[in-house]
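Next comes data_30.txt, a file with compact mmCIF, C-alpha atoms and all ligand atoms.
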```txt
# COMPACT_ATOMS: atom_id res chain seq x y z
CA MET A 1 16.45 -9.09 -31.56
CA ILE A 2 12.81 -8.70 -30.54
CA THR A 3 13.08 -10.42 -27.16
CA LYS A 4 15.92 -8.17 -26.04
CA ASN A 5 13.76 -5.08 -26.13
CA LYS A 6 10.51 -6.51 -24.86
CA LYS A 7 9.15 -4.06 -22.32
CA VAL A 8 9.71 -4.96 -18.68
CA TYR A 9 7.10 -3.41 -16.40
CA LEU A 10 7.54 -2.29 -12.82
CA SER A 11 4.71 -4.47 -11.51
CA SER A 12 2.10 -5.97 -13.80
CA PRO A 13 -0.99 -8.06 -12.99
CA HIS A 14 -0.31 -11.79 -12.65
CA LEU A 15 -3.39 -13.98 -12.81
CA GLY A 16 -3.49 -17.46 -11.30
CA GLY A 17 -5.99 -19.94 -12.66
CA SER A 18 -9.29 -19.79 -10.81
CA GLU A 19 -10.18 -16.14 -11.43
CA LYS A 20 -12.20 -16.97 -14.57
CA LYS A 21 -14.07 -19.74 -12.80
CA TYR A 22 -15.35 -17.34 -10.14
CA VAL A 23 -16.07 -14.59 -12.66
CA ASN A 24 -18.00 -17.10 -14.80
CA GLU A 25 -20.00 -18.10 -11.74
CA ALA A 26 -21.05 -14.47 -11.36
CA PHE A 27 -22.20 -14.43 -15.01
CA ASP A 28 -23.88 -17.82 -14.91
CA THR A 29 -25.88 -16.93 -11.83
CA ASN A 30 -26.55 -13.37 -13.05
CA TRP A 31 -24.93 -11.88 -9.94
CA VAL A 32 -23.50 -8.94 -11.89
CA ALA A 33 -24.09 -6.53 -9.03
CA PRO A 34 -22.27 -4.70 -6.24
CA LEU A 35 -23.01 -7.56 -3.87
CA GLY A 36 -23.36 -11.34 -4.14
CA PRO A 37 -21.72 -14.67 -3.35
CA ASN A 38 -18.24 -13.72 -4.63
CA VAL A 39 -18.19 -10.62 -2.42
CA ASP A 40 -19.21 -12.67 0.63
CA ALA A 41 -16.72 -15.45 -0.10
CA PHE A 42 -13.89 -13.01 -0.83
CA GLU A 43 -14.48 -11.26 2.49
CA ILE A 44 -14.56 -14.54 4.43
CA SER A 45 -11.33 -15.73 2.75
CA LEU A 46 -9.61 -12.45 3.56
CA GLU A 47 -10.76 -12.65 7.16
CA SER A 48 -9.38 -16.15 7.61
CA TYR A 49 -6.15 -15.20 5.81
CA LEU A 50 -5.54 -12.17 8.03
CA ASN A 51 -6.75 -13.30 11.42
CA ASP A 52 -10.13 -14.70 12.37
CA ASN A 53 -10.83 -11.82 14.74
CA VAL A 54 -11.09 -9.20 12.01
CA HIS A 55 -14.00 -8.20 9.80
CA VAL A 56 -13.51 -7.28 6.16
CA ALA A 57 -15.70 -5.09 3.95
CA SER A 58 -14.65 -5.17 0.30
CA VAL A 59 -14.96 -1.82 -1.43
CA ALA A 60 -14.28 -0.05 -4.71
CA SER A 61 -10.69 0.98 -3.88
CA GLY A 62 -8.11 1.32 -1.15
CA THR A 63 -8.74 5.06 -1.22
CA ALA A 64 -12.46 4.50 -0.54
CA ALA A 65 -11.48 2.26 2.39
CA ILE A 66 -9.36 5.04 3.94
CA HIS A 67 -12.23 7.48 3.42
CA LEU A 68 -14.62 5.10 5.19
CA ALA A 69 -12.14 4.58 8.06
CA LEU A 70 -11.93 8.34 8.62
CA MET A 71 -15.72 8.66 8.56
CA LEU A 72 -16.09 5.82 11.06
CA LEU A 73 -13.64 7.59 13.37
CA GLY A 74 -15.71 10.75 13.15
CA VAL A 75 -13.07 12.82 11.34
CA GLY A 76 -14.63 16.05 10.11
CA PRO A 77 -13.87 19.64 9.07
CA GLY A 78 -11.02 21.23 11.00
CA ASP A 79 -9.78 18.00 12.63
CA ASP A 80 -6.08 17.08 12.49
CA VAL A 81 -5.10 13.68 11.10
CA LEU A 82 -1.48 12.55 11.41
CA CYS A 83 -0.19 10.82 8.28
CA GLN A 84 3.10 9.35 7.12
CA SER A 85 4.57 11.80 4.63
CA PHE A 86 6.52 9.23 2.62
CA THR A 87 3.63 7.55 0.78
CA PHE A 88 1.32 7.67 -2.22
CA SER A 89 -1.12 10.62 -2.23
CA ALA A 90 -4.07 8.22 -1.81
CA SER A 91 -3.07 7.71 1.85
CA ALA A 92 -3.86 11.36 2.60
CA ASN A 93 -6.38 12.50 -0.03
CA PRO A 94 -9.39 11.26 2.00
CA ILE A 95 -8.32 13.55 4.88
CA LEU A 96 -9.04 16.45 2.53
CA TYR A 97 -12.30 14.80 1.33
CA GLN A 98 -13.47 15.14 4.95
CA GLY A 99 -12.37 18.77 5.18
CA ALA A 100 -9.79 17.79 7.81
CA ASN A 101 -6.12 18.82 8.02
CA PRO A 102 -3.34 16.38 7.18
CA VAL A 103 -0.36 16.71 9.54
CA PHE A 104 2.59 14.97 7.93
CA VAL A 105 5.25 13.00 9.80
CA ASP A 106 8.60 12.03 8.28
CA SER A 107 10.25 8.60 8.20
CA GLU A 108 12.76 6.55 10.17
CA GLU A 109 15.87 5.21 8.40
CA THR A 110 15.31 1.57 9.35
CA THR A 111 11.97 0.87 7.60
CA TRP A 112 11.51 4.11 5.61
CA ASN A 113 8.10 4.36 7.33
CA ILE A 114 6.68 6.78 9.90
CA SER A 115 9.19 7.63 12.64
CA PRO A 116 7.74 6.79 16.09
CA GLU A 117 9.93 9.45 17.70
CA LEU A 118 8.78 12.18 15.32
CA LEU A 119 5.17 10.99 15.60
CA GLU A 120 5.23 11.48 19.35
CA ASN A 121 6.85 14.92 18.95
CA ALA A 122 4.12 15.83 16.47
CA ILE A 123 1.36 14.73 18.87
CA ILE A 124 2.87 16.69 21.78
CA SER A 125 3.21 19.74 19.56
CA ARG A 126 -0.39 19.48 18.27
CA LEU A 127 -1.71 19.01 21.81
CA SER A 128 0.07 22.19 22.91
CA HIS A 129 -1.66 24.00 20.04
CA GLY A 130 -5.01 23.01 21.46
CA GLY A 131 -6.25 20.08 19.43
CA LYS A 132 -5.87 16.34 19.76
CA PRO A 133 -5.39 14.66 16.36
CA LYS A 134 -8.28 12.34 15.47
CA ALA A 135 -6.28 9.53 13.82
CA ILE A 136 -2.84 8.30 12.79
CA ILE A 137 -2.36 6.90 9.28
CA ALA A 138 0.75 4.69 9.14
CA VAL A 139 1.86 2.97 5.94
CA HIS A 140 3.82 -0.23 5.22
CA LEU A 141 5.58 1.20 2.20
CA TYR A 142 6.76 -1.18 -0.53
CA GLY A 143 5.53 -4.01 1.72
CA MET A 144 7.98 -3.26 4.56
CA PRO A 145 6.10 -3.22 7.88
CA TYR A 146 6.33 -0.05 9.95
CA ASP A 147 7.30 -0.34 13.63
CA ALA A 148 3.80 -1.39 14.66
CA PHE A 149 4.68 -2.03 18.31
CA ALA A 150 5.95 1.52 18.79
CA ILE A 151 3.18 3.14 16.74
CA ASN A 152 0.39 1.23 18.53
CA GLN A 153 1.92 2.10 21.88
CA ILE A 154 1.86 5.81 20.99
CA GLY A 155 -1.72 5.46 19.78
CA VAL A 156 -2.77 3.91 23.08
CA LYS A 157 -0.77 6.39 25.19
CA TYR A 158 -2.49 9.40 23.62
CA GLY A 159 -5.84 7.75 22.84
CA ILE A 160 -5.53 8.19 19.08
CA PRO A 161 -6.68 5.33 16.79
CA VAL A 162 -4.27 3.97 14.18
CA ILE A 163 -5.39 3.41 10.58
CA GLU A 164 -3.01 0.89 9.04
CA ASP A 165 -2.48 1.55 5.33
CA SER A 166 -1.60 -1.95 4.17
CA ALA A 167 -2.30 -1.27 0.49
CA GLU A 168 1.19 -2.43 -0.45
CA ALA A 169 1.68 -5.02 2.28
CA LEU A 170 -0.84 -7.84 1.94
CA GLY A 171 1.22 -10.96 2.71
CA SER A 172 3.77 -9.14 4.89
CA GLU A 173 4.18 -10.02 8.57
CA TYR A 174 5.24 -8.19 11.70
CA LEU A 175 6.28 -10.47 14.61
CA GLY A 176 4.24 -13.23 13.01
CA ILE A 177 1.12 -11.06 12.71
CA LYS A 178 -0.24 -10.39 9.24
CA CYS A 179 -0.09 -6.81 8.02
CA GLY A 180 -3.68 -5.66 7.60
CA SER A 181 -4.57 -6.75 11.14
CA LEU A 182 -2.17 -4.58 13.16
CA GLY A 183 -4.04 -1.28 13.40
CA ASP A 184 -7.34 -0.29 15.00
CA MET A 185 -8.54 -0.39 11.40
CA ALA A 186 -6.66 -1.32 8.24
CA ILE A 187 -7.06 -0.91 4.52
CA LEU A 188 -6.00 -3.07 1.58
CA SER A 189 -5.80 -2.27 -2.13
CA PHE A 190 -6.35 -4.58 -5.09
CA ASN A 191 -5.37 -2.07 -7.76
CA GLY A 192 -3.75 -3.49 -10.90
CA ASN A 193 -0.18 -2.89 -9.72
CA LYS A 194 -0.55 -4.35 -6.22
CA ILE A 195 0.58 -7.80 -5.06
CA ILE A 196 -2.83 -9.25 -5.92
CA THR A 197 -5.46 -7.44 -7.94
CA THR A 198 -9.16 -7.29 -8.75
CA SER A 199 -8.25 -4.79 -11.52
CA GLY A 200 -9.47 -2.13 -9.10
CA GLY A 201 -10.70 -2.60 -5.57
CA GLY A 202 -9.91 -2.43 -1.90
CA ALA A 203 -10.99 -3.53 1.54
CA LEU A 204 -11.59 -2.06 4.96
CA VAL A 205 -10.53 -4.26 7.86
CA THR A 206 -12.22 -3.59 11.21
CA LYS A 207 -11.90 -5.19 14.61
CA GLY A 208 -15.62 -5.33 15.32
CA GLY A 209 -18.63 -6.54 13.34
CA ARG A 210 -20.59 -3.35 14.16
CA MET A 211 -17.89 -1.26 12.50
CA LYS A 212 -18.08 -3.41 9.37
CA GLU A 213 -21.87 -3.01 9.24
CA LYS A 214 -21.53 0.74 9.57
CA ALA A 215 -18.90 0.80 6.82
CA ILE A 216 -21.15 -1.17 4.47
CA PHE A 217 -24.04 1.15 5.30
CA LEU A 218 -22.00 4.24 4.35
CA ALA A 219 -20.56 2.45 1.30
CA SER A 220 -24.03 1.59 -0.03
CA GLN A 221 -25.55 5.08 -0.12
CA ALA A 222 -26.54 5.12 3.58
CA ARG A 223 -30.01 3.68 2.97
CA ASP A 224 -32.23 3.67 6.02
CA ASN A 225 -34.40 0.66 6.77
CA ALA A 226 -37.58 1.53 4.81
CA PRO A 227 -39.45 0.12 1.79
CA HIS A 228 -38.73 3.31 -0.19
CA TYR A 229 -35.34 5.01 -0.53
CA GLN A 230 -34.90 6.92 2.71
CA HIS A 231 -31.65 8.67 3.70
CA SER A 232 -30.86 10.54 6.87
CA GLN A 233 -27.06 10.59 6.33
CA LEU A 234 -24.70 11.28 3.45
CA GLY A 235 -23.81 8.03 1.70
CA TYR A 236 -21.29 6.83 -0.85
CA ASN A 237 -21.28 4.26 -3.64
CA TYR A 238 -18.16 2.40 -2.55
CA ARG A 239 -18.98 -1.33 -2.61
CA MET A 240 -17.01 -3.83 -4.67
CA SER A 241 -18.69 -5.51 -7.63
CA ASN A 242 -19.44 -9.22 -7.43
CA VAL A 243 -17.60 -9.73 -10.75
CA LEU A 244 -14.38 -8.18 -9.45
CA ALA A 245 -14.63 -10.04 -6.15
CA GLY A 246 -14.48 -13.22 -8.29
CA ILE A 247 -11.06 -12.13 -9.57
CA GLY A 248 -10.06 -11.44 -5.95
CA ARG A 249 -11.06 -14.96 -4.84
CA GLY A 250 -8.82 -16.49 -7.50
CA GLN A 251 -5.96 -14.13 -6.68
CA LEU A 252 -6.11 -14.86 -2.97
CA GLU A 253 -5.50 -18.54 -3.72
CA VAL A 254 -2.09 -17.66 -5.18
CA LEU A 255 -1.12 -14.84 -2.79
CA ASP A 256 1.50 -16.87 -0.91
CA GLU A 257 3.15 -17.88 -4.21
CA ARG A 258 3.18 -14.25 -5.30
CA VAL A 259 4.91 -13.23 -2.07
CA GLU A 260 7.52 -15.96 -2.59
CA MET A 261 8.21 -14.74 -6.14
CA ARG A 262 8.58 -11.12 -5.07
CA ARG A 263 10.91 -12.09 -2.26
CA LYS A 264 12.93 -14.10 -4.77
CA ASN A 265 13.19 -11.01 -6.98
CA TYR A 266 14.66 -9.11 -4.04
CA ASP A 267 17.13 -11.92 -3.33
CA PHE A 268 18.17 -12.02 -6.98
CA TYR A 269 18.84 -8.27 -7.05
CA HIS A 270 20.60 -8.36 -3.70
CA LYS A 271 22.86 -11.20 -4.74
CA ALA A 272 23.72 -9.64 -8.08
CA LEU A 273 24.16 -6.05 -6.93
CA SER A 274 25.02 -5.77 -3.25
CA ASP A 275 28.76 -5.58 -3.98
CA ILE A 276 28.28 -2.36 -5.92
CA PRO A 277 29.27 0.42 -3.50
CA LYS A 278 26.86 2.93 -5.04
CA ILE A 279 23.82 0.78 -4.13
CA THR A 280 22.12 0.28 -0.73
CA PHE A 281 19.24 -2.12 -0.08
CA LEU A 282 16.46 -1.82 2.51
CA LYS A 283 17.02 -4.65 5.02
CA GLU A 284 14.33 -6.48 6.96
CA PRO A 285 14.51 -5.66 10.67
CA SER A 286 14.42 -8.82 12.82
CA GLY A 287 10.96 -10.32 13.35
CA VAL A 288 9.69 -8.78 10.14
CA ARG A 289 8.80 -10.43 6.83
CA SER A 290 8.18 -8.07 3.92
CA ASN A 291 6.21 -9.19 0.89
CA ARG A 292 8.84 -7.21 -1.09
CA TRP A 293 6.06 -5.76 -3.22
CA LEU A 294 8.66 -3.57 -4.90
CA THR A 295 12.41 -3.91 -4.58
CA ALA A 296 13.70 -0.40 -3.94
CA ILE A 297 17.35 0.63 -3.87
CA LEU A 298 19.16 3.79 -2.85
CA LEU A 299 21.91 5.19 -5.05
CA ASP A 300 24.74 7.43 -3.83
CA SER A 301 23.31 10.57 -5.44
CA TYR A 302 20.45 12.01 -7.46
CA GLU A 303 22.71 12.07 -10.51
CA THR A 304 23.52 8.35 -10.28
CA ARG A 305 19.83 7.58 -9.77
CA GLU A 306 18.84 9.51 -12.87
CA LYS A 307 21.66 8.02 -14.92
CA LEU A 308 20.51 4.53 -13.96
CA ARG A 309 16.82 5.24 -14.51
CA MET A 310 17.54 6.55 -18.00
CA ALA A 311 19.87 3.67 -18.86
CA LEU A 312 17.10 1.23 -17.91
CA ALA A 313 14.49 3.19 -19.89
CA GLU A 314 16.83 3.07 -22.89
CA GLU A 315 16.62 -0.73 -22.66
CA ASN A 316 12.83 -0.63 -22.37
CA ILE A 317 12.92 -1.43 -18.65
CA GLU A 318 10.54 0.49 -16.41
CA SER A 319 11.85 1.76 -13.08
CA ARG A 320 10.54 4.60 -10.91
CA PRO A 321 11.81 7.06 -8.31
CA LEU A 322 10.48 6.42 -4.80
CA TRP A 323 7.32 8.21 -3.63
CA LYS A 324 7.65 11.97 -3.43
CA PRO A 325 6.95 12.89 0.22
CA LEU A 326 3.50 14.41 0.58
CA HIS A 327 4.83 17.42 2.50
CA LEU A 328 6.65 18.34 -0.74
CA GLN A 329 3.58 17.88 -2.99
CA PRO A 330 1.93 21.09 -4.24
CA VAL A 331 -1.57 19.82 -3.37
CA PHE A 332 -0.58 19.60 0.31
CA GLU A 333 1.63 22.70 0.49
CA LYS A 334 -0.55 24.34 3.16
CA SER A 335 -0.29 21.35 5.50
CA ILE A 336 1.85 21.23 8.62
CA ALA A 337 4.74 18.75 8.55
CA TYR A 338 7.19 17.38 11.11
CA THR A 339 10.29 16.52 9.12
CA ASN A 340 13.79 15.15 9.62
CA GLY A 341 15.05 15.04 6.03
CA VAL A 342 14.80 11.24 5.68
CA SER A 343 11.94 11.02 3.16
CA ALA A 344 13.34 13.90 1.08
CA LYS A 345 16.65 12.02 0.83
CA LEU A 346 14.88 8.77 -0.11
CA PHE A 347 13.01 10.61 -2.86
CA GLU A 348 16.23 12.07 -4.17
CA LYS A 349 18.29 8.88 -4.29
CA GLY A 350 15.82 6.01 -4.45
CA LEU A 351 14.70 3.85 -7.35
CA CYS A 352 12.11 1.05 -7.58
CA LEU A 353 13.22 -1.82 -9.78
CA PRO A 354 10.90 -4.07 -11.80
CA SER A 355 9.36 -6.41 -9.23
CA GLY A 356 6.44 -8.27 -10.80
CA SER A 357 5.86 -11.83 -9.62
CA ASN A 358 5.81 -12.83 -13.31
CA LEU A 359 9.37 -11.67 -14.09
CA THR A 360 11.55 -14.38 -15.58
CA GLU A 361 15.13 -15.10 -14.56
CA LYS A 362 16.17 -14.01 -18.05
CA GLU A 363 14.51 -10.64 -17.53
CA LEU A 364 16.08 -10.24 -14.08
CA THR A 365 19.50 -11.00 -15.57
CA ARG A 366 18.88 -8.49 -18.34
CA ILE A 367 18.01 -5.83 -15.74
CA THR A 368 20.97 -6.50 -13.44
CA ASN A 369 23.33 -6.48 -16.44
CA VAL A 370 22.15 -3.00 -17.39
CA ILE A 371 22.62 -1.85 -13.79
CA LYS A 372 26.12 -3.31 -13.56
CA ASN A 373 27.12 -1.87 -16.93
CA THR A 374 25.87 1.56 -15.91
CA LEU A 375 27.32 1.73 -12.41
CA LEU A 376 30.57 -0.17 -12.75
CA LYS A 377 31.78 1.74 -15.81
C1 LIG B 1 -2.37 1.93 -3.89
C2 LIG B 1 -2.30 2.62 -2.60
C3 LIG B 1 -3.43 3.20 -2.01
C4 LIG B 1 -4.74 3.35 -2.68
O1 LIG B 1 -5.33 2.21 -3.18
P1 LIG B 1 -6.30 2.28 -4.46
O2 LIG B 1 -6.91 0.95 -4.46
O3 LIG B 1 -5.42 2.54 -5.64
O4 LIG B 1 -7.26 3.38 -4.22
C5 LIG B 1 -3.29 3.76 -0.74
N1 LIG B 1 -2.14 3.76 -0.11
C6 LIG B 1 -1.02 3.24 -0.65
C7 LIG B 1 0.25 3.26 0.14
C8 LIG B 1 -1.06 2.68 -1.92
O5 LIG B 1 0.06 2.18 -2.48
```

Now that the file is in, can you turn its structure into structure tokens?
Amino acid sequence: MITKNKKVYLSSPHLGGSEKKYVNEAFDTNWVAPLGPNVDAFEISLESYLNDNVHVASVASGTAAIHLALMLLGVGPGDDVLCQSFTFSASANPILYQGANPVFVDSEETTWNISPELLENAIISRLSHGGKPKAIIAVHLYGMPYDAFAINQIGVKYGIPVIEDSAEALGSEYLGIKCGSLGDMAILSFNGNKIITTSGGGALVTKGGRMKEKAIFLASQARDNAPHYQHSQLGYNYRMSNVLAGIGRGQLEVLDERVEMRRKNYDFYHKALSDIPKITFLKEPSGVRSNRWLTAILLDSYETREKLRMALAEENIESRPLWKPLHLQPVFEKSIAYTNGVSAKLFEKGLCLPSGSNLTEKELTRITNVIKNTLLK
């Protein structure tokens, strides 16, 4: 049967209805440029969605936004930047772009994100080696908010700004506050696999308008105010295109629906599978609302995880091991890391299940049947 083997993706783009309207507007008005009315409107909508006190600069990618945040904080060659180890490499790559040193910090069990206790140990240890780290990069992995109260408190105590990597957490909330407005600066991603997409894109969220202006200056080739092209600083070509911002405007209109669908996916999996002793789910701590970007489970061993992943692949269902901690990645092997074994264990036993907001109940049933058949045999 053809339908039985139709490929199920981990997380595929899910367009709403208005994206084409805004993209057509860009064509009709000939605003096919890295600035224009869609960019302005997208930024204003994001600002009012997050919290009216923030400023948003839309850029080419989430990675570019992290790079800009580091530049705005004055991170340069030889500086230490603390970064959650359990994350996608894009969280830390810009530290190397700036010639700075990533210092990785392992996770806590409760949220799988940066451990406040280990973060403070890392800061004390770095201070005793002579240098104060220039920034902390904390990540809401899979949409689950990190312990922002504890992390911000540590940031304030030691005078180190927090960059909130909210690439996976647009639509999540921490004590009623939207993720993307919790840090001194935050970044968002609109890559094709994220909760909403512009096909590729990102945003830098700042707390002050001056910071936004500076970000836009650096992201538009650092052009000085002159009739000719005059540059006294190194610039980058990091702005978002007005065409893609049109997709973003349409996507933002359906963000809340997308969050609901992803949370429903989690509930479906939890209901169908939580009785299986070999499976553990990541629970929401109280006061926290995850967008459940991806539903991730832990199995009882690496062998069970691999058995399940391959059984799903056999049925044309995409699943993926959790992020490999950056302190175990060859590209970062020279970096210092403060570890407690949590992220290494998550990498060994964890699996992300298909979580797109466009999954049908039939597909979800097909997936959970494969899981039950594999683990209950
Ligand atoms: C996707 C992602 C990024 C990078 O965003 P891009 O838009 O793909 O550059 C950064 N951090 C995390 C945690 C991500 O998942």

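The nearest approach to A:Pro321 among the residues A:Gly78, A:Gly143, A:Pro354, A:Gly209, with only C-alpha atoms taken into account, belongs to A:Pro354.
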
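Where the distance criterion is 7 Å and the atoms used are only C-alpha atoms and all ligand atoms, the residues close to ligand LIG 1 (chain B) are A:Ser61, A:Gly62, A:Thr63, A:Ala64, A:Thr87, A:Phe88, A:Ala90, A:Ser91, A:Val139, A:Leu141, A:Asp165, A:Ser166, A:Ala167, A:Glu168, A:Ser189, A:Phe190, A:Asn191, A:Lys194, A:Gly200, A:Gly201, A:Gly202.
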
Counting all atoms listed in the file, what is within 10 Å of A:Lys21, bar same-chain residues fewer than 4 positions away, as a PyMOL selection string? chain A and resi 17+25-27+246-247+249-250

Go through A:Lys132, A:His140, A:Lys212, A:Arg309 one by one, measure the shortest atom-to-atom distance of each to A:Val288 using only C-alpha atoms, and give the residue with the smallest value. A:His140

Using only C-alpha atoms, which protein or nucleic acid residues come within 8 Å of stretch 96-112 of chain A? Drop anything in the same chain fewer than 6 positions from it, and give the result as a PyMOL selection string. chain A and resi 67+70-71+75-86+118-119+122+141+144-147+282-285+326-327+335-343

Need to verify the contact set: A:Gly356, 9 Å, all atoms listed in the file, exclusion of same-chain residues closer than 4 positions in sequence. Can you return it as a PDB file with C-alpha atoms, in the coordinates of the input?
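Written file, result12.pdb:
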```pdb
ATOM      1  CA  TYR A   9       7.100  -3.410 -16.400  1.00  0.00           C
ATOM      2  CA  LEU A  10       7.540  -2.290 -12.820  1.00  0.00           C
ATOM      3  CA  SER A  11       4.710  -4.470 -11.510  1.00  0.00           C
ATOM      4  CA  SER A  12       2.100  -5.970 -13.800  1.00  0.00           C
ATOM      5  CA  PRO A  13      -0.990  -8.060 -12.990  1.00  0.00           C
ATOM      6  CA  HIS A  14      -0.310 -11.790 -12.650  1.00  0.00           C
ATOM      7  CA  ASN A 193      -0.180  -2.890  -9.720  1.00  0.00           C
ATOM      8  CA  ILE A 195       0.580  -7.800  -5.060  1.00  0.00           C
ATOM      9  CA  ARG A 258       3.180 -14.250  -5.300  1.00  0.00           C
ATOM     10  CA  MET A 261       8.210 -14.740  -6.140  1.00  0.00           C
ATOM     11  CA  ARG A 262       8.580 -11.120  -5.070  1.00  0.00           C
ATOM     12  CA  ASN A 265      13.190 -11.010  -6.980  1.00  0.00           C
ATOM     13  CA  TRP A 293       6.060  -5.760  -3.220  1.00  0.00           C
ATOM     14  CA  LEU A 294       8.660  -3.570  -4.900  1.00  0.00           C
TER      15      LEU A 294
END
```

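Each of A:Ile276, A:Ile123, A:Val39, A:Phe347 was compared to A:Gly159 using all atoms listed in the file, and A:Ile123 turns out to be the nearest.
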
Neighbour residues at most 9 Å from (-10.7, -11.2, 11.2) (all atoms listed in the file) as a count of residues only: 17

Please identify all polymer residues within 8 Å of A:Ala344, counting all atoms listed in the file, omitting same-chain residues fewer than 4 positions from it, and present them as a PDB file with C-alpha atoms, in the frame of the given file.
```
ATOM      1  CA  LYS A 324       7.650  11.970  -3.430  1.00  0.00           C
ATOM      2  CA  PRO A 325       6.950  12.890   0.220  1.00  0.00           C
ATOM      3  CA  GLU A 348      16.230  12.070  -4.170  1.00  0.00           C
TER       4      GLU A 348
END
```
